[in-house]
>>> print(open('run11.cif').read())   # mmCIF, C-alpha atoms
data_coords
#
loop_
_atom_site.label_atom_id
_atom_site.label_comp_id
_atom_site.auth_asym_id
_atom_site.auth_seq_id
_atom_site.Cartn_x
_atom_site.Cartn_y
_atom_site.Cartn_z
CA MET A 1 108.87 114.67 103.76
CA TYR A 2 109.17 110.95 103.13
CA SER A 3 112.13 108.62 102.94
CA ALA A 4 112.24 104.88 102.30
CA SER A 5 114.69 102.02 102.53
CA ALA A 6 114.62 98.38 101.48
CA GLN A 7 114.52 95.20 103.51
CA ASN A 8 112.85 91.78 103.69
CA GLY A 9 112.24 91.06 100.02
CA THR A 10 110.75 94.39 99.02
CA LEU A 11 111.64 98.07 99.09
CA SER A 12 108.27 99.60 98.36
CA PRO A 13 106.40 102.09 100.54
CA TYR A 14 103.26 100.41 99.18
CA SER A 15 104.17 97.23 101.08
CA SER A 16 102.72 99.03 104.13
CA LEU A 17 99.25 98.33 102.71
CA GLY A 18 97.18 95.16 102.93
CA ILE A 19 99.54 92.28 103.69
CA GLY A 20 102.47 93.71 101.72
CA ASP A 21 103.59 93.44 98.11
CA PHE A 22 102.13 90.39 96.39
CA ARG A 23 104.96 88.44 94.78
CA SER A 24 104.92 86.80 91.35
CA VAL A 25 103.53 83.26 91.21
CA ASN A 26 105.29 82.53 87.90
CA SER A 27 108.52 80.81 86.97
CA ILE A 28 111.19 83.00 85.37
CA GLU A 29 110.27 81.56 81.96
CA ASN A 30 106.67 82.72 82.34
CA GLN A 31 107.61 86.03 83.95
CA MET A 32 109.58 86.95 80.83
CA MET A 33 106.46 86.47 78.70
CA GLY A 34 104.54 89.07 80.69
CA GLY A 35 103.53 86.49 83.29
CA LEU A 36 101.53 84.25 80.94
CA GLY A 37 100.35 80.90 82.29
CA VAL A 38 98.49 79.69 79.20
CA TYR A 39 101.52 78.05 77.56
CA THR A 40 102.53 74.62 78.86
CA ASP A 41 105.04 71.97 77.79
CA SER A 42 106.34 68.59 78.96
CA ILE A 43 109.71 69.60 80.52
CA HIS A 44 109.13 72.70 82.67
CA LEU A 45 107.59 73.17 86.10
CA GLN A 46 104.93 75.86 85.78
CA LEU A 47 103.99 77.42 89.11
CA ASN A 48 100.64 79.03 88.33
CA ASN A 49 98.84 76.41 86.23
CA PRO A 50 98.60 72.92 87.79
CA ALA A 51 96.92 71.56 84.66
CA SER A 52 100.35 71.69 83.01
CA LEU A 53 101.34 68.64 85.09
CA GLY A 54 99.09 66.48 82.89
CA LYS A 55 101.67 66.98 80.08
CA LEU A 56 104.81 66.49 82.18
CA GLY A 57 107.13 63.91 80.64
CA LEU A 58 110.29 64.32 82.72
CA THR A 59 111.23 65.02 86.31
CA ALA A 60 111.74 68.78 86.56
CA TYR A 61 113.62 70.84 89.13
CA ALA A 62 113.32 74.63 89.22
CA ALA A 63 114.74 77.51 91.23
CA GLY A 64 114.63 81.27 90.73
CA PHE A 65 116.39 84.36 92.05
CA SER A 66 116.15 88.07 91.24
CA HIS A 67 117.70 91.48 91.85
CA LYS A 68 115.74 94.74 91.54
CA GLU A 69 116.97 98.32 91.25
CA VAL A 70 114.33 100.94 92.00
CA ARG A 71 114.03 104.71 91.72
CA LEU A 72 111.55 106.11 94.27
CA GLU A 73 110.31 109.61 93.46
CA THR A 74 108.13 112.25 95.07
CA PHE A 75 107.84 115.89 94.08
CA ALA A 76 110.45 116.73 96.73
CA GLU A 77 113.07 113.97 96.56
CA GLN A 78 114.41 110.81 94.97
CA GLN A 79 116.07 107.62 96.24
CA ARG A 80 117.60 104.56 94.56
CA PRO A 81 117.39 101.45 96.77
CA SER A 82 117.87 97.86 95.59
CA VAL A 83 116.96 94.39 96.83
CA SER A 84 117.80 90.76 95.97
CA ASN A 85 115.26 87.96 96.35
CA PHE A 86 114.67 84.24 96.37
CA GLU A 87 111.82 83.58 93.92
CA TYR A 88 110.92 79.89 94.19
CA LEU A 89 112.14 76.31 94.60
CA GLY A 90 110.19 73.37 93.20
CA LEU A 91 110.20 69.74 92.07
CA ALA A 92 107.78 68.00 89.70
CA PHE A 93 107.63 64.42 88.43
CA PRO A 94 105.33 62.46 86.07
CA LEU A 95 103.09 59.57 87.13
CA ILE A 96 100.87 56.91 85.55
CA ALA A 97 102.60 56.47 82.20
CA GLN A 98 103.16 60.23 81.91
CA LYS A 99 99.42 60.98 82.02
CA ALA A 100 99.63 62.72 85.38
CA GLY A 101 102.14 64.67 87.43
CA VAL A 102 102.78 65.95 90.93
CA ALA A 103 104.72 69.03 92.03
CA LEU A 104 105.75 70.53 95.37
CA GLY A 105 107.82 73.47 96.48
CA ILE A 106 107.96 76.80 98.26
CA LYS A 107 107.81 80.44 97.20
CA PRO A 108 107.18 83.87 98.74
CA TYR A 109 103.58 85.07 98.62
CA SER A 110 103.89 88.63 99.94
CA SER A 111 106.69 90.80 101.33
CA VAL A 112 106.73 93.74 103.75
CA GLY A 113 109.81 95.96 103.95
CA TYR A 114 109.68 99.71 104.35
CA ASP A 115 111.06 102.55 106.48
CA LEU A 116 109.11 105.79 106.07
CA GLU A 117 109.58 109.11 107.82
CA GLN A 118 107.01 111.90 107.89
CA LEU A 119 107.79 115.34 109.29
CA GLN A 120 105.01 117.77 110.24
CA THR A 121 105.58 121.30 111.51
CA VAL A 122 102.73 123.17 113.20
CA GLN A 123 103.33 126.62 114.73
CA GLY A 124 107.08 126.04 114.75
CA VAL A 125 106.85 122.64 116.51
CA THR A 126 108.04 119.63 114.48
CA THR A 127 106.69 116.13 114.97
CA ALA A 128 108.49 113.19 113.39
CA ASN A 129 106.58 109.99 112.64
CA GLN A 130 108.58 106.96 111.56
CA PHE A 131 106.79 103.94 110.12
CA THR A 132 108.64 100.65 109.66
CA GLY A 133 107.54 97.20 108.58
CA GLU A 134 109.16 93.85 107.91
CA GLY A 135 108.25 90.25 107.26
CA GLY A 136 105.80 88.67 104.88
CA ILE A 137 103.97 85.48 103.98
CA ASN A 138 105.42 82.35 102.36
CA GLN A 139 103.61 79.66 100.45
CA ALA A 140 104.28 75.91 100.43
CA PHE A 141 102.41 74.20 97.60
CA LEU A 142 101.42 70.71 96.46
CA SER A 143 99.97 70.32 92.96
CA ALA A 144 98.59 67.50 90.85
CA GLY A 145 97.56 67.46 87.20
CA PHE A 146 95.86 64.87 84.99
CA ARG A 147 95.37 64.29 81.28
CA LEU A 148 91.67 63.67 80.71
CA LEU A 149 91.93 63.49 76.91
CA PRO A 150 94.99 63.72 74.62
CA ARG A 151 94.82 67.56 74.61
CA LEU A 152 92.66 68.28 77.66
CA ASN A 153 94.28 68.58 81.10
CA ILE A 154 93.05 69.57 84.55
CA GLY A 155 94.92 70.24 87.78
CA ALA A 156 94.67 71.55 91.33
CA THR A 157 97.04 73.10 93.86
CA VAL A 158 96.71 73.37 97.62
CA ASN A 159 98.74 76.23 99.11
CA PHE A 160 99.68 76.54 102.78
CA HIS A 161 100.46 80.13 103.80
CA PHE A 162 102.60 81.00 106.80
CA GLY A 163 104.53 84.03 108.00
CA ARG A 164 104.78 87.05 110.28
CA ILE A 165 104.35 90.79 109.74
CA ASP A 166 105.82 93.32 112.20
CA LEU A 167 104.79 96.97 111.98
CA THR A 168 105.93 99.87 114.20
CA ARG A 169 105.14 103.58 114.46
CA VAL A 170 107.43 105.90 116.40
CA GLN A 171 106.40 109.50 117.18
CA VAL A 172 108.78 112.13 118.55
CA THR A 173 107.85 115.81 119.06
CA ASP A 174 110.29 118.67 119.63
CA GLY A 175 110.24 119.89 123.22
CA ILE A 176 108.64 116.71 124.62
CA ALA A 177 110.90 114.50 126.70
CA TYR A 178 109.40 111.16 125.70
CA GLY A 179 108.45 109.56 122.42
CA THR A 180 105.66 107.06 121.72
CA LEU A 181 106.08 103.60 120.20
CA ASP A 182 103.19 101.57 118.77
CA SER A 183 104.22 98.06 117.65
CA ARG A 184 101.97 95.45 116.06
CA THR A 185 102.70 91.82 115.17
CA SER A 186 100.59 89.39 113.15
CA ASP A 187 101.36 85.66 112.87
CA ILE A 188 99.51 84.49 109.78
CA SER A 189 98.56 81.07 108.43
CA GLY A 190 95.94 79.45 106.22
CA PHE A 191 95.13 77.61 103.00
CA ASP A 192 93.81 78.32 99.54
CA PHE A 193 93.33 76.34 96.33
CA ASN A 194 94.20 76.94 92.69
CA TYR A 195 92.42 75.08 89.87
CA GLY A 196 93.46 74.96 86.24
CA LEU A 197 92.20 73.59 82.94
CA THR A 198 93.96 73.62 79.55
CA TRP A 199 92.67 72.61 76.14
CA GLU A 200 95.21 72.63 73.29
CA PRO A 201 93.68 71.45 70.00
CA MET A 202 95.69 71.24 66.78
CA VAL A 203 94.34 73.68 64.18
CA SER A 204 96.70 72.52 61.43
CA SER A 205 99.45 69.95 60.99
CA LYS A 206 101.92 72.31 62.74
CA HIS A 207 99.94 74.82 64.73
CA THR A 208 98.26 74.58 68.13
CA LEU A 209 95.59 76.71 69.81
CA PHE A 210 96.32 77.14 73.54
CA THR A 211 93.44 77.89 75.91
CA SER A 212 93.32 77.92 79.69
CA VAL A 213 91.07 78.75 82.63
CA ARG A 214 92.47 79.28 86.12
CA ILE A 215 90.63 79.92 89.38
CA ASN A 216 92.51 80.87 92.53
CA THR A 217 89.90 80.55 95.28
CA GLN A 218 89.42 83.09 98.07
CA THR A 219 92.23 82.92 100.59
CA ASN A 220 91.04 82.91 104.19
CA LEU A 221 94.02 83.46 106.47
CA VAL A 222 93.92 83.50 110.26
CA SER A 223 95.99 86.21 111.93
CA SER A 224 97.05 85.96 115.60
CA ASN A 225 97.73 89.54 116.68
CA ARG A 226 99.63 91.44 119.38
CA GLN A 227 99.95 95.17 120.03
CA ARG A 228 102.11 97.09 122.52
CA ILE A 229 102.18 100.84 123.18
CA SER A 230 105.05 102.34 125.15
CA SER A 231 106.87 105.58 125.91
CA PHE A 232 110.65 105.85 125.56
CA VAL A 233 113.59 108.26 125.73
CA PRO A 234 114.40 109.33 122.13
CA LEU A 235 118.13 109.79 122.76
CA THR A 236 118.70 106.34 124.27
CA GLY A 237 115.70 104.31 123.05
CA ILE A 238 115.14 103.05 126.61
CA GLU A 239 111.50 102.17 127.30
CA ILE A 240 109.98 104.06 130.24
CA GLU A 241 106.54 102.48 130.42
CA GLY A 242 104.56 100.13 128.22
CA ILE A 243 101.28 98.26 128.07
CA ASP A 244 100.03 95.32 126.03
CA VAL A 245 96.79 96.37 124.38
CA ASN A 246 93.73 94.26 125.23
CA LEU A 247 92.80 93.17 121.72
CA ASP A 248 90.13 90.78 122.98
CA ARG A 249 87.95 93.76 123.90
CA ASP A 250 87.57 94.72 120.22
CA ASN A 251 87.69 91.14 118.87
CA LEU A 252 91.09 91.77 117.29
CA ARG A 253 93.13 89.06 119.02
CA PHE A 254 92.35 86.68 116.15
CA THR A 255 91.22 88.13 112.82
CA GLU A 256 90.56 86.79 109.35
CA ILE A 257 92.32 88.12 106.27
CA LYS A 258 90.25 87.67 103.14
CA ILE A 259 91.93 87.76 99.72
CA PRO A 260 89.19 87.40 97.07
CA THR A 261 89.01 84.81 94.28
CA THR A 262 90.92 85.47 91.05
CA TYR A 263 89.67 84.28 87.64
CA THR A 264 92.10 84.14 84.69
CA LEU A 265 91.41 83.32 81.01
CA GLY A 266 94.21 82.64 78.55
CA LEU A 267 94.43 82.26 74.77
CA GLY A 268 97.47 81.56 72.60
CA TYR A 269 98.67 80.23 69.25
CA GLY A 270 101.93 78.69 68.14
CA GLU A 271 104.08 76.01 66.61
CA ASP A 272 105.56 73.38 68.93
CA LYS A 273 109.20 74.09 69.90
CA HIS A 274 109.38 77.01 67.48
CA TRP A 275 107.18 80.00 68.38
CA PHE A 276 104.21 81.09 70.48
CA VAL A 277 102.14 84.24 71.13
CA GLY A 278 99.41 84.59 73.73
CA ALA A 279 97.35 86.79 76.03
CA GLU A 280 95.72 86.47 79.44
CA TYR A 281 93.18 88.52 81.35
CA GLY A 282 92.52 88.18 85.07
CA ILE A 283 89.88 89.75 87.33
CA GLN A 284 89.57 89.82 91.11
CA GLN A 285 86.86 91.31 93.31
CA PHE A 286 89.49 92.99 95.46
CA SER A 287 86.88 95.34 96.92
CA ASP A 288 86.13 92.45 99.31
CA PHE A 289 89.70 92.41 100.68
CA GLU A 290 89.79 92.55 104.47
CA ASN A 291 92.53 92.88 107.07
CA ARG A 292 90.93 94.52 110.11
CA PHE A 293 93.98 94.56 112.39
CA LEU A 294 96.37 96.23 109.93
CA GLU A 295 93.95 98.59 108.19
CA SER A 296 95.29 101.78 106.59
CA ALA A 297 93.28 104.99 106.78
CA ASN A 298 94.23 106.37 103.35
CA VAL A 299 93.46 103.33 101.20
CA VAL A 300 90.26 101.82 99.86
CA TYR A 301 89.92 98.71 97.72
CA GLU A 302 88.27 98.24 94.34
CA ASN A 303 88.11 95.36 91.87
CA ALA A 304 91.51 94.43 90.45
CA SER A 305 92.47 93.30 86.95
CA SER A 306 95.53 92.24 84.98
CA LEU A 307 96.35 91.98 81.28
CA ALA A 308 99.40 90.09 79.97
CA LEU A 309 100.72 89.68 76.42
CA GLY A 310 103.78 87.68 75.44
CA GLY A 311 105.46 84.89 73.58
CA PHE A 312 108.70 83.17 72.56
CA TYR A 313 110.73 82.24 69.50
CA VAL A 314 113.26 79.42 68.97
CA PRO A 315 115.05 79.62 65.59
CA ASP A 316 115.93 75.89 65.41
CA TYR A 317 115.97 73.76 68.56
CA THR A 318 117.70 70.88 66.66
CA SER A 319 120.63 73.02 65.47
CA ILE A 320 124.03 71.49 66.19
CA ASP A 321 126.35 74.03 64.57
CA THR A 322 124.83 77.28 65.91
CA TYR A 323 124.15 77.54 69.63
CA LEU A 324 122.13 80.76 69.26
CA ASN A 325 119.60 78.91 67.12
CA ARG A 326 118.73 76.73 70.11
CA VAL A 327 118.22 79.69 72.46
CA THR A 328 114.63 80.58 73.44
CA TYR A 329 113.93 84.31 73.02
CA ARG A 330 111.04 85.57 75.19
CA ALA A 331 109.26 88.92 75.50
CA GLY A 332 106.04 90.34 76.88
CA LEU A 333 104.27 93.14 78.68
CA ARG A 334 101.70 93.44 81.44
CA LEU A 335 99.36 96.02 82.92
CA ASP A 336 97.99 95.56 86.43
CA ASN A 337 95.32 97.47 88.27
CA THR A 338 96.20 96.40 91.81
CA GLY A 339 92.78 97.21 93.26
CA MET A 340 94.26 99.71 95.75
CA VAL A 341 93.09 103.35 95.67
CA ILE A 342 95.41 105.57 97.73
CA ASN A 343 94.62 109.23 98.31
CA ASP A 344 91.95 108.91 95.58
CA LYS A 345 94.49 107.58 93.01
CA ALA A 346 94.32 104.00 91.68
CA LEU A 347 97.63 102.16 92.05
CA GLU A 348 98.64 100.70 88.67
CA ASN A 349 101.71 98.82 87.49
CA PHE A 350 103.10 98.52 83.95
CA GLY A 351 105.99 96.26 82.96
CA ILE A 352 107.93 95.26 79.82
CA THR A 353 109.68 91.89 80.00
CA PHE A 354 112.23 90.04 77.87
CA GLY A 355 114.76 87.26 78.35
CA LEU A 356 116.69 84.26 77.10
CA GLY A 357 116.45 80.53 77.71
CA LEU A 358 119.99 79.18 77.38
CA PRO A 359 120.40 75.40 76.82
CA LEU A 360 122.97 73.82 79.13
CA GLY A 361 125.00 71.87 76.60
CA ALA A 362 124.10 69.27 74.01
CA GLU A 363 123.94 66.46 76.57
CA SER A 364 121.45 68.41 78.70
CA GLU A 365 119.01 69.29 75.95
CA PHE A 366 116.08 69.52 78.37
CA SER A 367 117.85 71.71 80.96
CA ASN A 368 118.43 75.41 80.68
CA LEU A 369 119.40 78.61 82.39
CA ASN A 370 116.81 81.38 82.04
CA LEU A 371 117.93 84.99 82.16
CA GLY A 372 115.19 87.61 82.38
CA PHE A 373 114.80 91.38 82.52
CA GLU A 374 111.89 93.63 83.41
CA LEU A 375 111.43 97.39 83.12
CA GLY A 376 108.41 98.82 84.86
CA ARG A 377 106.70 101.62 86.71
CA ARG A 378 104.19 101.66 89.55
CA GLY A 379 102.37 104.54 91.19
CA THR A 380 102.51 108.30 90.61
CA THR A 381 103.90 111.43 92.21
CA MET A 382 100.43 112.98 92.29
CA ASN A 383 98.33 113.30 95.47
CA GLY A 384 101.35 112.90 97.73
CA LEU A 385 102.21 109.42 96.45
CA VAL A 386 105.48 107.75 95.42
CA ARG A 387 106.36 106.70 91.87
CA GLU A 388 108.45 103.55 91.56
CA SER A 389 110.51 102.99 88.39
CA TYR A 390 112.28 99.64 88.48
CA PHE A 391 114.67 97.38 86.61
CA LYS A 392 114.62 93.71 87.58
CA VAL A 393 117.12 91.01 86.61
CA SER A 394 116.07 87.39 87.15
CA LEU A 395 117.92 84.09 86.99
CA GLY A 396 116.09 80.79 86.73
CA LEU A 397 117.52 77.28 86.73
CA SER A 398 115.45 74.54 85.11
CA PHE A 399 116.66 70.93 85.03
CA ALA A 400 114.74 68.04 83.49
CA ASP A 401 115.65 64.36 83.36
CA ARG A 402 114.09 60.92 83.49
CA TRP A 403 114.13 59.11 86.84
CA PHE A 404 114.83 55.39 87.16
CA ARG A 405 116.43 55.17 83.72
CA LYS A 406 118.36 51.92 83.25
CA ARG A 407 122.05 52.33 82.53
CA GLN A 408 123.30 50.82 79.29
CA ILE A 409 126.78 49.26 79.16
CA ASN A 410 128.39 48.88 75.77
#
>>> encode(input="run11.cif", output="C-alpha cells")
Amino acid sequence: MYSASAQNGTLSPYSSLGIGDFRSVNSIENQMMGGLGVYTDSIHLQLNNPASLGKLGLTAYAAGFSHKEVRLETFAEQQRPSVSNFEYLGLAFPLIAQKAGVALGIKPYSSVGYDLEQLQTVQGVTTANQFTGEGGINQAFLSAGFRLLPRLNIGATVNFHFGRIDLTRVQVTDGIAYGTLDSRTSDISGFDFNYGLTWEPMVSSKHTLFTSVRINTQTNLVSSNRQRISSFVPLTGIEIEGIDVNLDRDNLRFTEIKIPTTYTLGLGYGEDKHWFVGAEYGIQQFSDFENRFLESANVVYENASSLALGGFYVPDYTSIDTYLNRVTYRAGLRLDNTGMVINDKALENFGITFGLGLPLGAESEFSNLNLGFELGRRGTTMNGLVRESYFKVSLGLSFADRWFRKRQIN
C-alpha cells in the first residue's frame, strides 16, 4: 500500500527519483503555448531562449505563480493533494541602442516533496517503510543576447544552481521494540550554460518564419553528502543510538551529479502582433544521468525527448472600443518522455495548455496579466506505479516600460 502527500513545491512520488521533479524553465506566456521557446518579441522576458534579448526594446519585469490540483491513483487507492508554487522572478533591459539586452533573475530548477508508506506482511508479521523527501534546487541566472543582423540574434545564459535535498527512510516491524532511521542530506551547487540562436526572416510583407536552436550544456553539480543511521523508539520517536556513516570510505562524501546536454530545435510561422503557430522538438541523452549518492534501485535512465506544439491569436491589438480584441489567446500541447524507466515502464507526461494575456489598461499597452491553465497526465497504474492526473492554474505578471524617459511638461 502506498500513500503520498505534498510539500516543498511538488507532490509527486516521482520526485523521489534523480534530483526531484524538474520544473518548467518557461514564462507563463510560453507555458501556455505548450512550452514553446521559438517565438520571441521585443517586450517580454523569455526565460529559456537568451537570443530573444537581442530584440528587447523595453525594460521588462516578470513574475509567475501557480497552483496545481492532482489526483494520484494506484489500483488500490486514490488521493487528491494540491500545491502552490513560486515560478520565477526576473528583470531584463535593453542595451546598445536596443541591439542587445541583459536579463537576471531566479527560478526553481527541481523540487522534492513526497511522503510514501509501504506495508509488507510476511508470515503474519507487518513491516512498515516510510519514505520522505523535501527540498530541491534553485537557479539564479544571468543572460545576454545580441542582434548580429536585423533578423539574426544570439544569446547565452549562465545558471548557478544551489539547494539541499533531505531524504529519510523509517522502518518499523511489528513485535520489534526499536525502529530504524536512515537519513541522507545533499547540499548541491554548480553551473551550466544555455545558448540560443534565432533567425526570423520575412517570407512576405506580413508573415515571418521563426526558427531557433537552443543548447543547454551538461550540468555538472557537486553534491556534499551526509548520512546517519539510528535506532529509535517508535512510540516516542526518541533516538536510542546513531552513527554517522563514513562516506569517505566509498568516495561518497563529495559526488558529481551529471545532467546531460539538451538540444532543442524550433520552427514557427506567423503575422506580427496578430497570430503565430509553431513546434519544437528537444532531445537529451538522459541515459548518461548520474547521481551516485541518491540512486534508486527500481529506475534506469534512457534518452529523453519532448515535443511541443502551440500558438497565439490576437484579434486586433489596436482596438480601442473592444477590450477582448486586444486579449492574446494562447493554446498548445506537449508530450514528454522523461527518460526515466521505472519497474520496466517508461515515465511519460502529456499536457494540454491554454490561457489569456490580458492587457493592463490603455496606458499600459506593453504590460499584461497572463492567466494560464494546463490539464495533463503523467505515469500509469501498471507495474505498481502511480498515475498523476493534474490541473494547473498559473498567473504571470509582465510589465514593460522605457527607462530614463524624459518627462514632458505641457
>>> residues_around(input="run11.cif", residues="Phe160 (chain A)", least_positions_apart="6", cutoff="7 Å", atoms="only C-alpha atoms", output="number ranges by chain")
A: 139-141, 190-192
>>> residues_around(input="run11.cif", residues="Val393 (chain A)", least_positions_apart="3", cutoff="8 Å", atoms="all atoms listed in the file", output="list in words")
Ser66, His67, Lys68, Leu371, Gly372, Phe373 and Glu374 of chain A
>>> resolve_selection(input="run11.cif", expression="the PyMOL selection byres ((chain A and resi 387) around 12)", output="count of residues only")
33
>>> closest_atom_pairs(input="run11.cif", of="region 241-334 of chain A", to="region 30-44 of chain A", cutoff="8 Å", atoms="only C-alpha atoms", output="tab-separated table")
residue	atom	partner	partner_atom	distance
A:Gly266	CA	A:Val38	CA	5.2
A:Leu267	CA	A:Val38	CA	6.5
A:Gly268	CA	A:Val38	CA	6.9
A:Gly278	CA	A:Val38	CA	7.4
A:Ala279	CA	A:Leu36	CA	6.9
A:Glu280	CA	A:Leu36	CA	6.4
A:Ala308	CA	A:Gly34	CA	5.3
A:Leu309	CA	A:Gly34	CA	5.8
A:Gly310	CA	A:Met33	CA	4.4
A:Gly311	CA	A:Met33	CA	5.5
A:Phe312	CA	A:Met33	CA	7.3
A:Arg330	CA	A:Met33	CA	5.8
A:Ala331	CA	A:Met33	CA	4.9
A:Gly332	CA	A:Gly34	CA	4.3
A:Leu333	CA	A:Gly34	CA	4.5
A:Arg334	CA	A:Gly34	CA	5.3
>>> closest_residue(input="run11.cif", among="A:Gln130, A:Thr322, A:Thr173, A:Asn343", to="Tyr301 (chain A)", atoms="only C-alpha atoms")
A:Asn343
>>> atom_distance(input="run11.cif", atom1="CA of Gly155 (chain A)", atom2="CA of Thr208 (chain A)")
20.4 Å
>>> atom_distance(input="run11.cif", atom1="CA of Ser27 (chain A)", atom2="CA of Phe86 (chain A)")
11.7 Å
>>> atom_distance(input="run11.cif", atom1="CA of Gly339 (chain A)", atom2="CA of Phe162 (chain A)")
23.3 Å
>>> residues_near_point(input="run11.cif", point="(102.9, 79.4, 90.1)", cutoff="7 Å", atoms="all atoms listed in the file", output="ChimeraX atom specification")
/A:25-27,46-49
>>> decode(input="run11.cif", residues="region 123-130 of chain A", atoms="all heavy atoms", output="PDB file, in the first residue's frame")
ATOM      1  N   GLN A 123       4.326 -13.838   6.592  1.00  0.00           N
ATOM      2  CA  GLN A 123       4.021 -14.800   7.658  1.00  0.00           C
ATOM      3  C   GLN A 123       3.386 -14.112   8.860  1.00  0.00           C
ATOM      4  O   GLN A 123       3.732 -14.384  10.013  1.00  0.00           O
ATOM      5  CB  GLN A 123       5.292 -15.566   8.077  1.00  0.00           C
ATOM      6  CG  GLN A 123       5.873 -16.421   6.957  1.00  0.00           C
ATOM      7  CD  GLN A 123       7.122 -17.183   7.387  1.00  0.00           C
ATOM      8  OE1 GLN A 123       7.693 -16.917   8.446  1.00  0.00           O
ATOM      9  NE2 GLN A 123       7.532 -18.135   6.557  1.00  0.00           N
ATOM     10  N   GLY A 124       2.443 -13.218   8.585  1.00  0.00           N
ATOM     11  CA  GLY A 124       1.692 -12.552   9.635  1.00  0.00           C
ATOM     12  C   GLY A 124       2.407 -11.404  10.322  1.00  0.00           C
ATOM     13  O   GLY A 124       1.838 -10.754  11.199  1.00  0.00           O
ATOM     14  N   VAL A 125       3.649 -11.113   9.925  1.00  0.00           N
ATOM     15  CA  VAL A 125       4.415 -10.007  10.522  1.00  0.00           C
ATOM     16  C   VAL A 125       4.465  -8.847   9.525  1.00  0.00           C
ATOM     17  O   VAL A 125       4.898  -9.022   8.384  1.00  0.00           O
ATOM     18  CB  VAL A 125       5.843 -10.446  10.898  1.00  0.00           C
ATOM     19  CG1 VAL A 125       6.631  -9.263  11.480  1.00  0.00           C
ATOM     20  CG2 VAL A 125       5.811 -11.594  11.896  1.00  0.00           C
ATOM     21  N   THR A 126       4.000  -7.669   9.955  1.00  0.00           N
ATOM     22  CA  THR A 126       3.937  -6.492   9.086  1.00  0.00           C
ATOM     23  C   THR A 126       5.117  -5.561   9.332  1.00  0.00           C
ATOM     24  O   THR A 126       5.430  -5.221  10.476  1.00  0.00           O
ATOM     25  CB  THR A 126       2.627  -5.725   9.309  1.00  0.00           C
ATOM     26  OG1 THR A 126       1.525  -6.580   9.013  1.00  0.00           O
ATOM     27  CG2 THR A 126       2.564  -4.493   8.420  1.00  0.00           C
ATOM     28  N   THR A 127       5.737  -5.159   8.245  1.00  0.00           N
ATOM     29  CA  THR A 127       6.820  -4.172   8.296  1.00  0.00           C
ATOM     30  C   THR A 127       6.376  -2.929   7.541  1.00  0.00           C
ATOM     31  O   THR A 127       5.917  -3.024   6.396  1.00  0.00           O
ATOM     32  CB  THR A 127       8.108  -4.720   7.673  1.00  0.00           C
ATOM     33  OG1 THR A 127       8.550  -5.860   8.420  1.00  0.00           O
ATOM     34  CG2 THR A 127       9.214  -3.670   7.682  1.00  0.00           C
ATOM     35  N   ALA A 128       6.491  -1.789   8.188  1.00  0.00           N
ATOM     36  CA  ALA A 128       6.126  -0.507   7.573  1.00  0.00           C
ATOM     37  C   ALA A 128       7.394   0.268   7.221  1.00  0.00           C
ATOM     38  O   ALA A 128       8.254   0.486   8.087  1.00  0.00           O
ATOM     39  CB  ALA A 128       5.260   0.316   8.519  1.00  0.00           C
ATOM     40  N   ASN A 129       7.493   0.656   5.952  1.00  0.00           N
ATOM     41  CA  ASN A 129       8.585   1.509   5.491  1.00  0.00           C
ATOM     42  C   ASN A 129       8.009   2.847   5.061  1.00  0.00           C
ATOM     43  O   ASN A 129       7.096   2.892   4.227  1.00  0.00           O
ATOM     44  CB  ASN A 129       9.309   0.873   4.315  1.00  0.00           C
ATOM     45  CG  ASN A 129      10.119  -0.342   4.707  1.00  0.00           C
ATOM     46  OD1 ASN A 129      11.195  -0.215   5.277  1.00  0.00           O
ATOM     47  ND2 ASN A 129       9.593  -1.533   4.416  1.00  0.00           N
ATOM     48  N   GLN A 130       8.510   3.911   5.644  1.00  0.00           N
ATOM     49  CA  GLN A 130       8.061   5.255   5.288  1.00  0.00           C
ATOM     50  C   GLN A 130       9.216   6.007   4.659  1.00  0.00           C
ATOM     51  O   GLN A 130      10.308   6.104   5.237  1.00  0.00           O
ATOM     52  CB  GLN A 130       7.547   6.007   6.507  1.00  0.00           C
ATOM     53  CG  GLN A 130       6.947   7.360   6.159  1.00  0.00           C
ATOM     54  CD  GLN A 130       6.352   8.060   7.368  1.00  0.00           C
ATOM     55  OE1 GLN A 130       6.730   7.778   8.507  1.00  0.00           O
ATOM     56  NE2 GLN A 130       5.424   8.963   7.126  1.00  0.00           N
TER      57      GLN A 130
END
